[in-house]
Amino acid sequence: MNDPTEPAPLHPETRAIRAGRADNDRALAPILWASTTFVTPTVEEGRRMAVGVGSTRFYSRYGNPTVAGFEDAIATLEGAESARAFASGMGAMTAVVLGLCSTGDHIVAQRQLYAGTQLLLQSVCPRFGIEVTFVDGTEPGAFAAAVRPGRTTMIVAETPANPRLDLVDLDELGAIVGPITVVDSTFATPLAQRPLEYGVDLVVHSATKAIAGHNDATIGVVAGSADYLDWLYSFAVIQGANASPFDAMNALRGLRTLAVRLERQSASAQRLAEFLEDHPRVTEVRYPGLSSHPQFELARRQMDLPGGLLTFEVAPGEAGALEAGRAFVEGVELAQLATSLGGPETLVTHPASTTHASLTPEELAANGITPATVRVSVGLEHVDDIVRDVAAALERV
Ligand SMILES: *Cc1c(COP(=O)(O)O)cnc(C)c1O
C-alpha cells in the first residue's frame, strides 16, 4: 500500500535527469572544471583535503567538481552511498581488483567476461599472487560452490555478459556472504538493472558505452557502500586513473538522455533479433528479449529493458565460418565495423578477430564464441533502415 503522506519516489528515468547537480551553481548543463588544482584556503584545510576522502577542490587526481557531479548521479541511480569515476571502464575494474585484493587472496570470476577483465584476472592477478577460479556464471550455484571460506575475497561477475548476453542471477549472487561481490553492469546501464538492490556490493560500468552514449568519452565508474568506496578512493588517488573532467561532462550530458536512447535501442534490437531468428542464413540469435534466450525468465525478472545488444551466428557458407563472419561485418553499409557499443550508430563487431583476438581457441570456445559470431550494438537509426542493411549484408554472405 502506498502511504499517501510519502511523496512518490522519482522514477529512474527522472532521476537520470535530475541527479548530479548539487555542485553546479545555477547552470543547467554540467560545468567543465578543467582546473587541475585549487587554491588552498589554509594549511589546516589543505591537510584535511590531502588526507580525507572525496576532496573536490584540492588537486584533480583526488577529485574534481565536474567528475563529482557524474559520480553523484551514478550513485543516485544505482542506489549507492558513493561512487568513484575512473579514466575508463578498465581503470575502474583494475582499481576494484587490485585496490581491494592482496597477495594470497582468491577470486571467483565467471568465464564469460569482457576480454580486458578476463586478461586482468587471468594474466595480471597471478603475477601479484592473487589466484582466480573461473566458473560458468549461468550455472546455478556455480559462484557459491567455488568460494573457499576464509580465502575468497571477491567474486567478479558481468551481466549481461560480453559477447553472448549470458546472464548471472543477481538474487543468487547478492545472497553470497563473505566475499565482496562485484558486477559489471555495463550492458544493462542503471536504467535496466540495479545490482546493489539485490545485495551485490559493488557495481562497475564502462560509462564509455551507453551511459555517455555518444562515442566521445572514455570513462568508468564504480558504485557501492561508502566503506568500500572510501577504501577504493585511497587506492585510486595513487593509481592515478582518475576520470577526465571533460569526459565526465560528456558522460553526465549523455546520462540525461539515456532512458529514451535505451528504450529506442531495446525496441529496435528486439525487432532485429526477431528478424534474424527467422532468417535462413542465421543459425542462432542471442538476445535477452527473445523467449528463445536460455535465461529469458531471468532477464524478465531482473532487467527492466533487454538493451541494445544482440549476438548471432552467421550460417557458414561454402567458404566456412570465419569467412561468413568476415563477409557479414564487412558487408554492412549503414552499420559500421567498430568496437564499442551503446552509441547512436549501429556497430557490428567480430569478436573472434577483434575484442577476443588475444584468447586461445579453447578460451574462445569456453566463451561460446565461434569464427561466425557477430555482435551488434543497435543504434538510434530508424529500425527499418537497420533491418534492411543487415538483410542485405546477409544476402551477400
Ligand atoms: C568496454 C567494456 C569494459 C571496459 O571499458 P573501457 O571504458 O573500454 O575501459 C568493461 N566491461 C564491459 C562489459 C565493456 O563493454
# chains A, B, ... in the order shown; residues from 1 in each chain; ligands from 1
$ residues_near_ligand --ligand "ligand 1" --cutoff "7 Å" --atoms "only C-alpha atoms and all ligand atoms" --output "PyMOL selection string"
chain A and resi 88-91+114+116-117+158+161-162+184-187+205-209+218-220+340
$ select_by_dssp --residues "stretch 12-139 of chain A" --states "helix (DSSP H, G or I)" --output "PyMOL selection string"
chain A and resi 12-18+43-51+65-78+89-100+115-127
$ closest_residue --among "A:Val282, A:Leu359, A:Val348, A:Ala115" --to "A:Glu395" --atoms "only C-alpha atoms"
A:Val282
$ residues_around --residues "A:Pro195" --least-positions-apart "6" --cutoff "8 Å" --atoms "only C-alpha atoms" --output "JSON, numbers by chain"
{"A": [78, 170, 174, 183, 185, 203]}
$ write_last_selection --atoms "all heavy atoms" --output "tab-separated table (two decimals), in the first residue's frame"
chain	number	residue	atom	x	y	z
A	78	GLU	N	22.14	4.18	-8.97
A	78	GLU	CA	22.36	2.79	-8.53
A	78	GLU	C	21.85	2.56	-7.11
A	78	GLU	O	21.89	1.44	-6.63
A	78	GLU	CB	23.85	2.43	-8.60
A	78	GLU	CG	24.41	2.32	-10.01
A	78	GLU	CD	23.91	1.09	-10.76
A	78	GLU	OE1	23.11	0.32	-10.21
A	78	GLU	OE2	24.33	0.91	-11.93
A	170	LEU	N	21.18	-12.32	-10.21
A	170	LEU	CA	21.62	-11.33	-9.21
A	170	LEU	C	21.14	-11.67	-7.80
A	170	LEU	O	21.82	-11.38	-6.82
A	170	LEU	CB	21.17	-9.93	-9.62
A	170	LEU	CG	21.85	-9.35	-10.85
A	170	LEU	CD1	21.21	-8.03	-11.26
A	170	LEU	CD2	23.35	-9.14	-10.60
A	174	GLY	N	23.82	-11.91	-4.94
A	174	GLY	CA	23.70	-10.98	-3.81
A	174	GLY	C	23.56	-11.70	-2.47
A	174	GLY	O	23.83	-11.13	-1.42
A	183	VAL	N	29.70	-6.60	-9.78
A	183	VAL	CA	29.01	-6.86	-11.05
A	183	VAL	C	29.34	-5.77	-12.06
A	183	VAL	O	29.15	-4.58	-11.78
A	183	VAL	CB	27.47	-6.93	-10.86
A	183	VAL	CG1	26.75	-6.91	-12.20
A	183	VAL	CG2	27.09	-8.20	-10.09
A	185	SER	N	27.98	-4.08	-14.92
A	185	SER	CA	26.60	-3.92	-15.39
A	185	SER	C	26.53	-3.03	-16.63
A	185	SER	O	25.49	-2.46	-16.94
A	185	SER	CB	25.77	-3.33	-14.24
A	185	SER	OG	24.40	-3.39	-14.45
A	203	VAL	N	29.00	-2.17	-8.05
A	203	VAL	CA	28.60	-2.23	-9.46
A	203	VAL	C	29.59	-1.38	-10.26
A	203	VAL	O	30.00	-0.31	-9.82
A	203	VAL	CB	27.14	-1.78	-9.66
A	203	VAL	CG1	26.90	-0.37	-9.16
A	203	VAL	CG2	26.71	-1.91	-11.12
$ atom_distance --atom1 "atom CA of A:Leu309" --atom2 "atom CA of A:Val374"
10.7 Å
$ closest_atom_pairs --of "stretch 296-323 of chain A" --to "stretch 376-381 of chain A" --cutoff "12 Å" --atoms "only C-alpha atoms" --output "Markdown table"
| residue | atom | partner | partner_atom | distance |
| --- | --- | --- | --- | --- |
| A:Pro306 | CA | A:Val378 | CA | 11.8 |
| A:Gly307 | CA | A:Val378 | CA | 8.9 |
| A:Gly308 | CA | A:Val378 | CA | 5.1 |
| A:Leu309 | CA | A:Ser377 | CA | 4.7 |
| A:Leu310 | CA | A:Val376 | CA | 5.4 |
| A:Thr311 | CA | A:Val376 | CA | 6.1 |
| A:Phe312 | CA | A:Val376 | CA | 8.3 |
| A:Glu313 | CA | A:Val376 | CA | 11.2 |
$ residues_around --residues "stretch 240-243 of chain A" --least-positions-apart "4" --cutoff "10 Å" --atoms "only C-alpha atoms" --output "VMD selection string"
chain A and resid 60 to 64 66 to 68 70 84 to 88 90 to 92 94 to 95 217 to 221 235 to 236 247 to 248
$ residues_around --residues "A:Val135" --least-positions-apart "5" --cutoff "9 Å" --atoms "only C-alpha atoms" --output "number ranges by chain"
A: 108-112, 142-143, 146
$ atom_distance --atom1 "atom CA of A:Ile74" --atom2 "atom CA of A:Leu202"
12.2 Å
$ residues_around --residues "stretch 3-18 of chain A" --least-positions-apart "6" --cutoff "8 Å" --atoms "only C-alpha atoms" --output "ChimeraX atom specification"
/A:73,76-77,191,255-259
$ residues_around --residues "stretch 47-52 of chain A" --least-positions-apart "2" --cutoff "12 Å" --atoms "only C-alpha atoms" --output "list in words"
Phe38, Val39, Thr40, Pro41, Thr42, Val43, Glu44, Glu45, Gly54, Ser55, Thr56, Arg57, Phe58, Tyr59, Ser60, Arg61, Tyr62, Gly63, Asp230, Trp231, Tyr233, Ser234 and Val237 of chain A
$ closest_residue --among "A:Arg301, A:His279, A:Arg396, A:Arg261" --to "A:Glu345" --atoms "only C-alpha atoms"
A:Arg261
$ select_by_dssp --residues "stretch 4-200 of chain A" --states "strand (DSSP E or B)" --output "number ranges by chain"
A: 37, 59, 82-86, 106-110, 131-135, 152-158, 161, 166, 180-184
$ closest_residue --among "A:Met249, A:Leu276, A:Leu305, A:Ala392" --to "A:Ala34" --atoms "only C-alpha atoms"
A:Met249
$ atom_distance --atom1 "atom CA of A:Ser353" --atom2 "atom CA of A:Val314"
14.8 Å
$ closest_residue --among "A:Gly342, A:Leu290, A:Ala251, A:Val285" --to "A:Glu263" --atoms "only C-alpha atoms"
A:Gly342
